[in-house]
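> coords-v7.cif is reproduced below (mmCIF, C-alpha atoms and all ligand atoms; chains and numbers go by the auth columns).
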data_structure
loop_
_atom_site.group_PDB
_atom_site.id
_atom_site.type_symbol
_atom_site.label_atom_id
_atom_site.label_comp_id
_atom_site.label_asym_id
_atom_site.label_seq_id
_atom_site.Cartn_x
_atom_site.Cartn_y
_atom_site.Cartn_z
_atom_site.B_iso_or_equiv
_atom_site.auth_seq_id
_atom_site.auth_asym_id
ATOM 1 C CA MET A 1 -3.722 2.540 -18.905 0.00 23 A
ATOM 2 C CA ARG A 2 -2.585 1.919 -15.327 0.00 24 A
ATOM 3 C CA LYS A 3 -0.345 -1.104 -14.739 0.00 25 A
ATOM 4 C CA PRO A 4 -1.872 -3.196 -11.947 0.00 26 A
ATOM 5 C CA PHE A 5 0.194 -3.212 -8.767 0.00 27 A
ATOM 6 C CA VAL A 6 0.045 -6.020 -6.211 0.00 28 A
ATOM 7 C CA ALA A 7 2.131 -5.729 -3.063 0.00 29 A
ATOM 8 C CA GLY A 8 2.482 -8.086 -0.127 0.00 30 A
ATOM 9 C CA ASN A 9 2.712 -6.426 3.280 0.00 31 A
ATOM 10 C CA TRP A 10 4.347 -9.042 5.476 0.00 32 A
ATOM 11 C CA LYS A 11 3.756 -7.004 8.654 0.00 33 A
ATOM 12 C CA MET A 12 5.581 -8.391 11.748 0.00 34 A
ATOM 13 C CA ASN A 13 5.837 -11.966 10.495 0.00 35 A
ATOM 14 C CA LEU A 14 8.397 -14.581 9.390 0.00 36 A
ATOM 15 C CA ASN A 15 11.986 -15.221 10.377 0.00 37 A
ATOM 16 C CA ARG A 16 15.014 -14.563 8.193 0.00 38 A
ATOM 17 C CA ALA A 17 15.062 -17.951 6.451 0.00 39 A
ATOM 18 C CA GLU A 18 11.320 -17.828 5.800 0.00 40 A
ATOM 19 C CA ALA A 19 11.581 -14.274 4.454 0.00 41 A
ATOM 20 C CA VAL A 20 14.327 -15.248 2.013 0.00 42 A
ATOM 21 C CA ALA A 21 12.422 -18.356 0.871 0.00 43 A
ATOM 22 C CA LEU A 22 9.226 -16.382 0.319 0.00 44 A
ATOM 23 C CA ALA A 23 11.062 -13.591 -1.532 0.00 45 A
ATOM 24 C CA THR A 24 12.654 -16.194 -3.802 0.00 46 A
ATOM 25 C CA ALA A 25 9.250 -17.698 -4.568 0.00 47 A
ATOM 26 C CA VAL A 26 7.689 -14.278 -5.206 0.00 48 A
ATOM 27 C CA ALA A 27 10.581 -13.346 -7.503 0.00 49 A
ATOM 28 C CA ALA A 28 9.559 -16.283 -9.713 0.00 50 A
ATOM 29 C CA ILE A 29 5.925 -15.146 -9.601 0.00 51 A
ATOM 30 C CA ALA A 30 6.963 -11.638 -10.677 0.00 52 A
ATOM 31 C CA ARG A 31 8.991 -13.032 -13.588 0.00 53 A
ATOM 32 C CA GLU A 32 5.933 -14.956 -14.819 0.00 54 A
ATOM 33 C CA ASN A 33 3.592 -11.955 -14.633 0.00 55 A
ATOM 34 C CA ALA A 34 5.216 -9.151 -16.563 0.00 56 A
ATOM 35 C CA GLY A 35 1.901 -7.319 -16.908 0.00 57 A
ATOM 36 C CA VAL A 36 1.724 -6.739 -13.154 0.00 58 A
ATOM 37 C CA GLU A 37 3.970 -4.653 -10.914 0.00 59 A
ATOM 38 C CA VAL A 38 4.770 -6.860 -7.936 0.00 60 A
ATOM 39 C CA GLY A 39 6.150 -5.740 -4.596 0.00 61 A
ATOM 40 C CA ILE A 40 6.991 -7.237 -1.216 0.00 62 A
ATOM 41 C CA ILE A 41 7.182 -5.295 2.019 0.00 63 A
ATOM 42 C CA PRO A 42 9.116 -7.256 4.655 0.00 64 A
ATOM 43 C CA PRO A 43 10.038 -6.188 8.206 0.00 65 A
ATOM 44 C CA PHE A 44 12.984 -3.733 8.223 0.00 66 A
ATOM 45 C CA VAL A 45 15.455 -6.271 9.576 0.00 67 A
ATOM 46 C CA TYR A 46 14.971 -8.625 6.630 0.00 68 A
ATOM 47 C CA ILE A 47 15.029 -6.031 3.833 0.00 69 A
ATOM 48 C CA ASP A 48 18.706 -6.548 3.069 0.00 70 A
ATOM 49 C CA ALA A 49 18.402 -10.330 2.883 0.00 71 A
ATOM 50 C CA VAL A 50 15.215 -10.095 0.833 0.00 72 A
ATOM 51 C CA VAL A 51 16.766 -7.676 -1.685 0.00 73 A
ATOM 52 C CA GLY A 52 19.574 -10.199 -2.135 0.00 74 A
ATOM 53 C CA ALA A 53 17.070 -12.991 -2.765 0.00 75 A
ATOM 54 C CA VAL A 54 15.184 -10.914 -5.331 0.00 76 A
ATOM 55 C CA ASN A 55 18.389 -10.623 -7.319 0.00 77 A
ATOM 56 C CA LYS A 56 17.472 -9.233 -10.749 0.00 78 A
ATOM 57 C CA ALA A 57 13.806 -10.207 -10.789 0.00 79 A
ATOM 58 C CA PRO A 58 11.250 -7.474 -11.605 0.00 80 A
ATOM 59 C CA LEU A 59 10.160 -7.359 -7.984 0.00 81 A
ATOM 60 C CA GLY A 60 10.242 -4.195 -5.891 0.00 82 A
ATOM 61 C CA VAL A 61 10.977 -4.261 -2.181 0.00 83 A
ATOM 62 C CA GLY A 62 9.247 -1.884 0.200 0.00 84 A
ATOM 63 C CA ALA A 63 9.388 -0.771 3.826 0.00 85 A
ATOM 64 C CA GLN A 64 6.451 -0.727 6.219 0.00 86 A
ATOM 65 C CA ASP A 65 7.305 2.642 7.746 0.00 87 A
ATOM 66 C CA VAL A 66 9.981 5.361 7.875 0.00 88 A
ATOM 67 C CA TYR A 67 10.921 8.344 10.013 0.00 89 A
ATOM 68 C CA PHE A 68 10.826 11.839 8.496 0.00 90 A
ATOM 69 C CA GLU A 69 14.146 13.183 9.790 0.00 91 A
ATOM 70 C CA LYS A 70 17.291 12.720 7.692 0.00 92 A
ATOM 71 C CA SER A 71 19.520 11.392 10.507 0.00 93 A
ATOM 72 C CA GLY A 72 20.399 12.018 14.137 0.00 94 A
ATOM 73 C CA ALA A 73 19.302 11.185 17.661 0.00 95 A
ATOM 74 C CA PHE A 74 16.079 9.301 16.926 0.00 96 A
ATOM 75 C CA THR A 75 16.620 5.995 18.675 0.00 97 A
ATOM 76 C CA GLY A 76 14.875 3.111 16.978 0.00 98 A
ATOM 77 C CA GLU A 77 13.951 5.003 13.807 0.00 99 A
ATOM 78 C CA ILE A 78 14.914 4.384 10.171 0.00 100 A
ATOM 79 C CA SER A 79 15.551 7.088 7.534 0.00 101 A
ATOM 80 C CA THR A 80 14.748 7.217 3.830 0.00 102 A
ATOM 81 C CA ALA A 81 18.498 7.366 3.073 0.00 103 A
ATOM 82 C CA MET A 82 18.951 4.039 4.868 0.00 104 A
ATOM 83 C CA LEU A 83 16.088 2.531 2.880 0.00 105 A
ATOM 84 C CA ALA A 84 17.391 3.896 -0.416 0.00 106 A
ATOM 85 C CA ASP A 85 20.809 2.467 0.469 0.00 107 A
ATOM 86 C CA LEU A 86 19.195 -1.000 0.610 0.00 108 A
ATOM 87 C CA HIS A 87 17.474 -0.452 -2.779 0.00 109 A
ATOM 88 C CA VAL A 88 14.029 -0.060 -1.263 0.00 110 A
ATOM 89 C CA LYS A 89 11.479 1.209 -3.783 0.00 111 A
ATOM 90 C CA TYR A 90 8.239 1.714 -1.832 0.00 112 A
ATOM 91 C CA VAL A 91 7.333 2.910 1.640 0.00 113 A
ATOM 92 C CA LEU A 92 3.948 2.422 3.277 0.00 114 A
ATOM 93 C CA VAL A 93 2.681 5.635 4.828 0.00 115 A
ATOM 94 C CA GLY A 94 -0.223 5.544 7.248 0.00 116 A
ATOM 95 C CA HIS A 95 -1.063 1.877 7.285 0.00 117 A
ATOM 96 C CA SER A 96 -4.124 1.456 9.500 0.00 118 A
ATOM 97 C CA GLU A 97 -2.050 -0.396 12.087 0.00 119 A
ATOM 98 C CA ARG A 98 0.303 2.595 12.306 0.00 120 A
ATOM 99 C CA ARG A 99 -2.692 4.920 12.627 0.00 121 A
ATOM 100 C CA HIS A 100 -4.817 2.885 15.023 0.00 122 A
ATOM 101 C CA VAL A 101 -2.360 0.713 16.974 0.00 123 A
ATOM 102 C CA LEU A 102 0.696 3.005 17.007 0.00 124 A
ATOM 103 C CA GLY A 103 -1.264 6.264 17.142 0.00 125 A
ATOM 104 C CA GLU A 104 0.142 8.060 14.069 0.00 126 A
ATOM 105 C CA ASN A 105 -1.833 11.100 12.941 0.00 127 A
ATOM 106 C CA ASP A 106 -2.276 12.843 9.597 0.00 128 A
ATOM 107 C CA ALA A 107 0.223 15.620 10.372 0.00 129 A
ATOM 108 C CA LEU A 108 3.000 13.114 11.124 0.00 130 A
ATOM 109 C CA LEU A 109 2.077 11.047 8.077 0.00 131 A
ATOM 110 C CA ASN A 110 2.250 14.123 5.850 0.00 132 A
ATOM 111 C CA LYS A 111 5.842 14.720 7.021 0.00 133 A
ATOM 112 C CA LYS A 112 6.709 11.099 6.313 0.00 134 A
ATOM 113 C CA LEU A 113 5.116 11.271 2.882 0.00 135 A
ATOM 114 C CA HIS A 114 7.119 14.351 1.888 0.00 136 A
ATOM 115 C CA CYS A 115 10.273 12.716 3.135 0.00 137 A
ATOM 116 C CA VAL A 116 9.615 9.603 1.015 0.00 138 A
ATOM 117 C CA LEU A 117 8.907 11.667 -2.112 0.00 139 A
ATOM 118 C CA ASN A 118 11.950 13.886 -1.601 0.00 140 A
ATOM 119 C CA ALA A 119 14.121 10.774 -1.375 0.00 141 A
ATOM 120 C CA GLY A 120 12.850 9.665 -4.787 0.00 142 A
ATOM 121 C CA LEU A 121 10.983 6.675 -3.349 0.00 143 A
ATOM 122 C CA THR A 122 7.355 5.710 -3.954 0.00 144 A
ATOM 123 C CA ALA A 123 4.874 6.321 -1.154 0.00 145 A
ATOM 124 C CA ILE A 124 1.896 4.028 -0.723 0.00 146 A
ATOM 125 C CA LEU A 125 -0.518 6.194 1.255 0.00 147 A
ATOM 126 C CA CYS A 126 -3.051 4.021 3.071 0.00 148 A
ATOM 127 C CA VAL A 127 -6.519 5.312 3.882 0.00 149 A
ATOM 128 C CA GLY A 128 -9.697 3.711 5.146 0.00 150 A
ATOM 129 C CA GLU A 129 -12.527 3.872 7.630 0.00 151 A
ATOM 130 C CA THR A 130 -13.265 1.822 10.734 0.00 152 A
ATOM 131 C CA LEU A 131 -16.477 -0.192 11.036 0.00 153 A
ATOM 132 C CA GLU A 132 -17.964 2.442 13.339 0.00 154 A
ATOM 133 C CA GLN A 133 -17.195 5.153 10.812 0.00 155 A
ATOM 134 C CA ARG A 134 -18.749 3.129 7.986 0.00 156 A
ATOM 135 C CA LYS A 135 -21.884 2.505 10.033 0.00 157 A
ATOM 136 C CA ALA A 136 -22.079 6.237 10.749 0.00 158 A
ATOM 137 C CA GLU A 137 -21.793 6.884 6.987 0.00 159 A
ATOM 138 C CA LYS A 138 -18.491 8.676 7.476 0.00 160 A
ATOM 139 C CA THR A 139 -16.491 6.592 4.967 0.00 161 A
ATOM 140 C CA PHE A 140 -16.112 9.379 2.398 0.00 162 A
ATOM 141 C CA ASP A 141 -15.363 12.033 5.035 0.00 163 A
ATOM 142 C CA VAL A 142 -12.672 9.887 6.647 0.00 164 A
ATOM 143 C CA CYS A 143 -11.012 9.033 3.327 0.00 165 A
ATOM 144 C CA ARG A 144 -11.194 12.649 2.169 0.00 166 A
ATOM 145 C CA THR A 145 -9.526 13.936 5.350 0.00 167 A
ATOM 146 C CA GLN A 146 -6.797 11.305 5.202 0.00 168 A
ATOM 147 C CA LEU A 147 -6.097 12.204 1.552 0.00 169 A
ATOM 148 C CA VAL A 148 -6.252 15.991 1.957 0.00 170 A
ATOM 149 C CA GLU A 149 -4.113 16.014 5.111 0.00 171 A
ATOM 150 C CA GLY A 150 -1.755 13.276 3.984 0.00 172 A
ATOM 151 C CA LEU A 151 -1.099 14.932 0.615 0.00 173 A
ATOM 152 C CA LYS A 152 -0.904 18.518 1.880 0.00 174 A
ATOM 153 C CA GLY A 153 1.765 20.455 -0.022 0.00 175 A
ATOM 154 C CA VAL A 154 2.426 17.661 -2.524 0.00 176 A
ATOM 155 C CA ASP A 155 3.045 18.770 -6.110 0.00 177 A
ATOM 156 C CA ALA A 156 1.058 16.981 -8.821 0.00 178 A
ATOM 157 C CA ALA A 157 4.371 16.479 -10.634 0.00 179 A
ATOM 158 C CA LYS A 158 5.204 13.847 -7.975 0.00 180 A
ATOM 159 C CA ALA A 159 2.159 11.723 -8.815 0.00 181 A
ATOM 160 C CA SER A 160 4.271 9.022 -10.462 0.00 182 A
ATOM 161 C CA GLN A 161 5.803 8.405 -6.999 0.00 183 A
ATOM 162 C CA LEU A 162 2.413 8.034 -5.354 0.00 184 A
ATOM 163 C CA VAL A 163 0.089 5.087 -4.867 0.00 185 A
ATOM 164 C CA VAL A 164 -3.019 5.090 -2.677 0.00 186 A
ATOM 165 C CA ALA A 165 -4.222 1.971 -0.881 0.00 187 A
ATOM 166 C CA TYR A 166 -7.831 1.873 0.231 0.00 188 A
ATOM 167 C CA GLU A 167 -7.898 -0.443 3.203 0.00 189 A
ATOM 168 C CA PRO A 168 -11.144 -0.422 5.137 0.00 190 A
ATOM 169 C CA VAL A 169 -10.065 -1.165 8.693 0.00 191 A
ATOM 170 C CA TRP A 170 -12.969 -3.567 9.228 0.00 192 A
ATOM 171 C CA ALA A 171 -11.728 -5.725 6.351 0.00 193 A
ATOM 172 C CA ILE A 172 -8.113 -6.034 7.485 0.00 194 A
ATOM 173 C CA GLY A 173 -7.262 -9.451 8.841 0.00 195 A
ATOM 174 C CA THR A 174 -10.931 -10.254 9.417 0.00 196 A
ATOM 175 C CA GLY A 175 -11.630 -12.460 6.406 0.00 197 A
ATOM 176 C CA LEU A 176 -14.433 -10.012 5.611 0.00 198 A
ATOM 177 C CA ASN A 177 -13.467 -8.220 2.389 0.00 199 A
ATOM 178 C CA ALA A 178 -15.320 -5.268 0.905 0.00 200 A
ATOM 179 C CA THR A 179 -17.644 -6.324 -1.903 0.00 201 A
ATOM 180 C CA LYS A 180 -16.575 -5.286 -5.364 0.00 202 A
ATOM 181 C CA GLU A 181 -19.297 -2.639 -5.347 0.00 203 A
ATOM 182 C CA GLN A 182 -18.144 -1.225 -2.001 0.00 204 A
ATOM 183 C CA ALA A 183 -14.549 -1.142 -3.197 0.00 205 A
ATOM 184 C CA GLN A 184 -15.381 0.482 -6.534 0.00 206 A
ATOM 185 C CA GLU A 185 -17.550 3.139 -4.876 0.00 207 A
ATOM 186 C CA VAL A 186 -14.753 4.269 -2.562 0.00 208 A
ATOM 187 C CA HIS A 187 -12.009 3.935 -5.196 0.00 209 A
ATOM 188 C CA ALA A 188 -13.967 6.160 -7.594 0.00 210 A
ATOM 189 C CA PHE A 189 -14.441 8.653 -4.773 0.00 211 A
ATOM 190 C CA ILE A 190 -10.711 8.588 -3.981 0.00 212 A
ATOM 191 C CA ARG A 191 -9.839 9.204 -7.625 0.00 213 A
ATOM 192 C CA LYS A 192 -12.205 12.161 -7.747 0.00 214 A
ATOM 193 C CA GLU A 193 -10.610 13.582 -4.602 0.00 215 A
ATOM 194 C CA LEU A 194 -7.116 13.064 -6.032 0.00 216 A
ATOM 195 C CA ALA A 195 -8.137 15.060 -9.098 0.00 217 A
ATOM 196 C CA GLY A 196 -9.067 17.966 -6.826 0.00 218 A
ATOM 197 C CA ILE A 197 -6.008 17.692 -4.563 0.00 219 A
ATOM 198 C CA LEU A 198 -3.428 17.045 -7.321 0.00 220 A
ATOM 199 C CA SER A 199 -4.747 17.206 -10.888 0.00 221 A
ATOM 200 C CA GLN A 200 -7.029 15.291 -13.228 0.00 222 A
ATOM 201 C CA ALA A 201 -4.065 13.806 -15.080 0.00 223 A
ATOM 202 C CA ALA A 202 -2.383 12.786 -11.817 0.00 224 A
ATOM 203 C CA ALA A 203 -5.565 11.114 -10.582 0.00 225 A
ATOM 204 C CA GLU A 204 -6.035 9.204 -13.831 0.00 226 A
ATOM 205 C CA GLY A 205 -2.485 7.910 -13.789 0.00 227 A
ATOM 206 C CA MET A 206 -2.302 6.876 -10.133 0.00 228 A
ATOM 207 C CA ARG A 207 -2.864 3.319 -8.970 0.00 229 A
ATOM 208 C CA ILE A 208 -5.378 2.804 -6.180 0.00 230 A
ATOM 209 C CA GLN A 209 -4.917 -0.571 -4.504 0.00 231 A
ATOM 210 C CA TYR A 210 -7.574 -2.315 -2.470 0.00 232 A
ATOM 211 C CA GLY A 211 -6.515 -3.994 0.766 0.00 233 A
ATOM 212 C CA GLY A 212 -8.410 -6.031 3.340 0.00 234 A
ATOM 213 C CA SER A 213 -8.783 -9.806 3.248 0.00 235 A
ATOM 214 C CA VAL A 214 -7.720 -10.115 -0.390 0.00 236 A
ATOM 215 C CA LYS A 215 -7.130 -13.740 -1.366 0.00 237 A
ATOM 216 C CA ALA A 216 -6.741 -15.705 -4.574 0.00 238 A
ATOM 217 C CA SER A 217 -10.452 -16.546 -4.541 0.00 239 A
ATOM 218 C CA ASN A 218 -11.753 -12.944 -4.393 0.00 240 A
ATOM 219 C CA ALA A 219 -8.975 -11.078 -6.219 0.00 241 A
ATOM 220 C CA ALA A 220 -10.410 -11.380 -9.737 0.00 242 A
ATOM 221 C CA GLU A 221 -13.775 -10.033 -8.654 0.00 243 A
ATOM 222 C CA LEU A 222 -12.286 -7.056 -6.802 0.00 244 A
ATOM 223 C CA MET A 223 -9.894 -6.221 -9.600 0.00 245 A
ATOM 224 C CA SER A 224 -12.605 -6.445 -12.251 0.00 246 A
ATOM 225 C CA GLN A 225 -13.647 -2.992 -11.062 0.00 247 A
ATOM 226 C CA PRO A 226 -12.450 -0.069 -13.176 0.00 248 A
ATOM 227 C CA ASP A 227 -10.901 1.916 -10.325 0.00 249 A
ATOM 228 C CA VAL A 228 -9.356 -1.024 -8.463 0.00 250 A
ATOM 229 C CA ASP A 229 -5.796 -1.094 -9.810 0.00 251 A
ATOM 230 C CA GLY A 230 -4.309 -3.826 -7.682 0.00 252 A
ATOM 231 C CA ALA A 231 -4.097 -5.029 -4.132 0.00 253 A
ATOM 232 C CA LEU A 232 -2.214 -4.528 -0.897 0.00 254 A
ATOM 233 C CA VAL A 233 -2.227 -7.976 0.616 0.00 255 A
ATOM 234 C CA GLY A 234 -1.545 -9.004 4.216 0.00 256 A
ATOM 235 C CA GLY A 235 -2.144 -12.577 5.371 0.00 257 A
ATOM 236 C CA ALA A 236 -2.436 -14.089 1.891 0.00 258 A
ATOM 237 C CA ALA A 237 0.934 -12.594 0.913 0.00 259 A
ATOM 238 C CA LEU A 238 2.646 -14.929 3.379 0.00 260 A
ATOM 239 C CA LYS A 239 1.753 -17.955 1.246 0.00 261 A
ATOM 240 C CA ALA A 240 3.462 -18.015 -2.148 0.00 262 A
ATOM 241 C CA GLU A 241 0.697 -19.993 -3.869 0.00 263 A
ATOM 242 C CA GLU A 242 -2.045 -17.752 -2.598 0.00 264 A
ATOM 243 C CA PHE A 243 -0.078 -14.634 -3.556 0.00 265 A
ATOM 244 C CA ALA A 244 0.591 -16.099 -7.019 0.00 266 A
ATOM 245 C CA GLY A 245 -3.146 -16.484 -7.518 0.00 267 A
ATOM 246 C CA ILE A 246 -3.719 -12.828 -6.637 0.00 268 A
ATOM 247 C CA VAL A 247 -0.978 -11.594 -8.973 0.00 269 A
ATOM 248 C CA ALA A 248 -2.307 -13.759 -11.820 0.00 270 A
ATOM 249 C CA ALA A 249 -5.846 -12.455 -11.229 0.00 271 A
ATOM 250 C CA ALA A 250 -4.581 -8.878 -11.402 0.00 272 A
ATOM 251 C CA GLY A 251 -2.856 -9.589 -14.700 0.00 273 A
ATOM 252 C CA LYS A 252 -5.933 -11.225 -16.236 0.00 274 A
ATOM 253 C CA SER A 253 -8.465 -8.677 -15.049 0.00 275 A
ATOM 254 C CA LYS A 254 -6.553 -5.756 -16.529 0.00 276 A
ATOM 255 C CA ALA A 255 -5.331 -7.500 -19.712 0.00 277 A
HETATM 256 P P1 LIG B . -5.075 -8.723 5.233 0.00 301 A
HETATM 257 O O1 LIG B . -4.890 -9.033 3.782 0.00 301 A
HETATM 258 O O2 LIG B . -4.431 -9.718 6.144 0.00 301 A
HETATM 259 O O3 LIG B . -6.510 -8.446 5.562 0.00 301 A
HETATM 260 O O4 LIG B . -4.272 -7.351 5.513 0.00 301 A
HETATM 261 C C1 LIG B . -4.456 -6.280 4.662 0.00 301 A
HETATM 262 C C2 LIG B . -3.425 -5.260 4.951 0.00 301 A
HETATM 263 O O5 LIG B . -3.446 -4.648 6.002 0.00 301 A
HETATM 264 C C3 LIG B . -2.377 -5.041 3.956 0.00 301 A
HETATM 265 O O6 LIG B . -1.633 -3.912 4.247 0.00 301 A
#
Re-express the file's structure as structure tokens.
Ligand code: 13P

Amino acid sequence: MRKPFVAGNWKMNLNRAEAVALATAVAAIARENAGVEVGIIPPFVYIDAVVGAVNKAPLGVGAQDVYFEKSGAFTGEISTAMLADLHVKYVLVGHSERRHVLGENDALLNKKLHCVLNAGLTAILCVGETLEQRKAEKTFDVCRTQLVEGLKGVDAAKASQLVVAYEPVWAIGTGLNATKEQAQEVHAFIRKELAGILSQAAAEGMRIQYGGSVKASNAAELMSQPDVDGALVGGAALKAEEFAGIVAAAGKSKA
């Protein structure tokens, strides 16, 4: 039985006071929903303040990115040791905005992923196709490549530190979510691929989150699907009430 996992990716939003207020509200949500793993992923500069606001609540804090080198002359970059020092638990690897806006490729993401795992942190590997790729019926090929290349050299024994997020690029920030059938089809495919890349047991134990225009009103439907184990939420994670609805839906659908 996989514990549902709902994480809010705050992207490049909020100021310090807003981040602390939202983290405080989400900490209460996490306390009320023990059946769901809840995470928040603020901008780097607010991680420290947000961790303080979380206090002892069962709420994990994540980072939106990381650099793969341990330390040194890498101006502007952040290491896993720095994140671990701030009690960060998760790191997003290969979010579509990193791939498509910042130009990160699979080889770089594989280095980042190894670095995250070696530091004992959890990597949330994001995969997903663009609208053009979906129209060209390349969805499975794109997801397979991103999984195979992203997870190259990863030992199945590290599966407990791995989460996959399926985020179709055309659904991110567009208000146009995948239908539950579309999500389930790709999630089942991803799980099958994970079995081949890692192991059957690893694939069965890993959470696969759906991301892309998740809101309180569509969360229950998406998470009713057997291979949808939670959500990676963008815009709706910036509103505590909306996020609470998503977390509650995750708890109910998997109860
Ligand atoms: P939205 O929920 O705003 O579509 O963003 C999804 C996402 O990119 C989460 O990482």
> Just the number, please: distance in Å from atom CA of His136 of chain A to atom CA of Phe90 of chain A, one decimal.
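That distance, rounded to one decimal, is 8.0 Å.
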> Running the PyMOL selection byres (((not hetatm)) within 7 of (chain A and resi 301)) on this model by hand, what would come out? Give it as a list of chain:residue names.
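This file, filtered by the PyMOL selection byres (((not hetatm)) within 7 of (chain A and resi 301)), leaves A:Asn31, A:His117, A:Glu189, A:Ala193, A:Ile194, A:Gly195, A:Thr196, A:Gly197, A:Gly233, A:Gly234, A:Ser235, A:Val236, A:Leu254, A:Val255, A:Gly256, A:Gly257, A:Ala258.
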> Within 8 Å of Asn55 of chain A, counting only C-alpha atoms, which residues qualify if same-chain residues fewer than 3 places away don't, as a ChimeraX atom specification?
/A:51-52,58,269-270,273
> Show which residues sit within 6 Å of Ala253 of chain A, as a VMD selection string. Count all atoms listed in the file, and ignore same-chain residues fewer than 6 positions away.
chain A and resid 28 231 to 233
> How many Å lie between atom CA of Gln247 of chain A and atom CA of Ile230 of chain A, rounded to one decimal?
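So the two atoms, atom CA of Gln247 of chain A and atom CA of Ile230 of chain A, lie 11.2 Å apart.
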> Which is closer to Gly30 of chain A than all the others in A:Asn140, A:Asn77, A:Gln86, A:Gln222, using only C-alpha atoms?
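So, comparing all the options, the nearest one is A:Gln86.
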> With distances taken over only C-alpha atoms, which residue among A:Val110, A:Leu184, A:Ala145, A:Ala56 lies nearest Leu216 of chain A?
A:Leu184
> Between A:Leu114, A:Lys261, A:Leu124, A:Ala200, which is the closest to Ala45 of chain A once you count only C-alpha atoms?
A:Lys261
> At a cut-off of 10 Å, using only C-alpha atoms, what residues contact segment 34-39 of chain A? Leave out same-chain residues fewer than 6 positions from it and give the result as a short mmCIF file (atom, residue, chain, number, x, y, z; two decimals) with C-alpha atoms, keeping the file's coordinate frame.

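Generated output (part.cif):
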data_model
loop_
_atom_site.label_atom_id
_atom_site.label_comp_id
_atom_site.auth_asym_id
_atom_site.auth_seq_id
_atom_site.Cartn_x
_atom_site.Cartn_y
_atom_site.Cartn_z
CA ALA A 45 11.06 -13.59 -1.53
CA PRO A 64 9.12 -7.26 4.66
CA PRO A 65 10.04 -6.19 8.21
CA PHE A 66 12.98 -3.73 8.22
CA VAL A 67 15.46 -6.27 9.58
CA TYR A 68 14.97 -8.62 6.63
CA ILE A 69 15.03 -6.03 3.83
CA ALA A 71 18.40 -10.33 2.88
CA VAL A 72 15.22 -10.10 0.83
CA GLN A 86 6.45 -0.73 6.22
CA GLY A 257 -2.14 -12.58 5.37
CA LEU A 260 2.65 -14.93 3.38
#
> Between A:Val76, A:Cys165, A:Ala129, A:Val250, which residue has the minimum interatomic distance to Ala41 of chain A, considering all atoms listed in the file?
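Once distances to Ala41 of chain A are computed over all atoms listed in the file, the minimum belongs to A:Val76.
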> Could you give me, as a list in words, the residues within 6 Å of Tyr188 of chain A, counting only C-alpha atoms and dropping anything in the same chain fewer than 3 positions from it?
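In the requested format, the answer is Cys148, Val149, Gly150 and Tyr232 of chain A.
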> Would you mind telling me which residue in A:Leu135, A:Val164, A:Met245, A:Val115 lies nearest to Glu203 of chain A when using all atoms listed in the file?
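Distance minimum relative to Glu203 of chain A lands on A:Met245.
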> Apply the PyMOL selection byres (((chain A and resi 47-49) around 9) and not hetatm) to the file shown and report the selected residues as a ChimeraX atom specification.
/A:42-46,50-54,60-62,75-81,262-263,265-266
> Could you list the residues chosen by the PyMOL selection byres (((chain A and resi 208-214) around 8) and not hetatm) in this structure as JSON, numbers by chain?
{"A": [162, 165, 166, 188, 204, 205, 206, 207, 215, 216, 217, 218, 225, 226, 230, 249, 250]}
> What does the distance between atom CA of Ala178 of chain A and atom CA of Lys160 of chain A come to in Å, to one decimal place?
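The value is 26.8 Å.
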> Given all atoms listed in the file as the basis, pick out the residue of A:Gln183, A:Leu108, A:Val138, A:Asp70 nearest to Lys92 of chain A.
A:Val138
> Applying 10 Å and only C-alpha atoms, which residues near Thr102 of chain A remain after dropping the ones on its own chain fewer than 2 positions away? List them as number ranges by chain.
A: 85, 87-93, 100, 104-108, 110, 113, 134, 137-143
> Enclose the full set of atoms of segment 269-273 of chain A listed in the file within a box whose edges lie along x, y and z, apply 5 Å of padding to each of the six sides, and report centre and edge lengths in Å to one decimal as JSON.

{"center_x": -3.4, "center_y": -11.3, "center_z": -11.8, "size_x": 14.9, "size_y": 14.9, "size_z": 15.7}
> How would you write as a list in words the residues that get within 10 Å of (-10.3, -11.1, -5.1) in the file's frame, counting all atoms listed in the file?
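Collected hits near the coordinates: Asn199, Ala200, Thr201, Lys202, Tyr232, Gly233, Ser235, Val236, Lys237, Ala238, Ser239, Asn240, Ala241, Ala242, Glu243, Leu244, Met245, Ser246, Gly252, Ala253, Gly267, Ile268, Ala271 and Ala272 of chain A.
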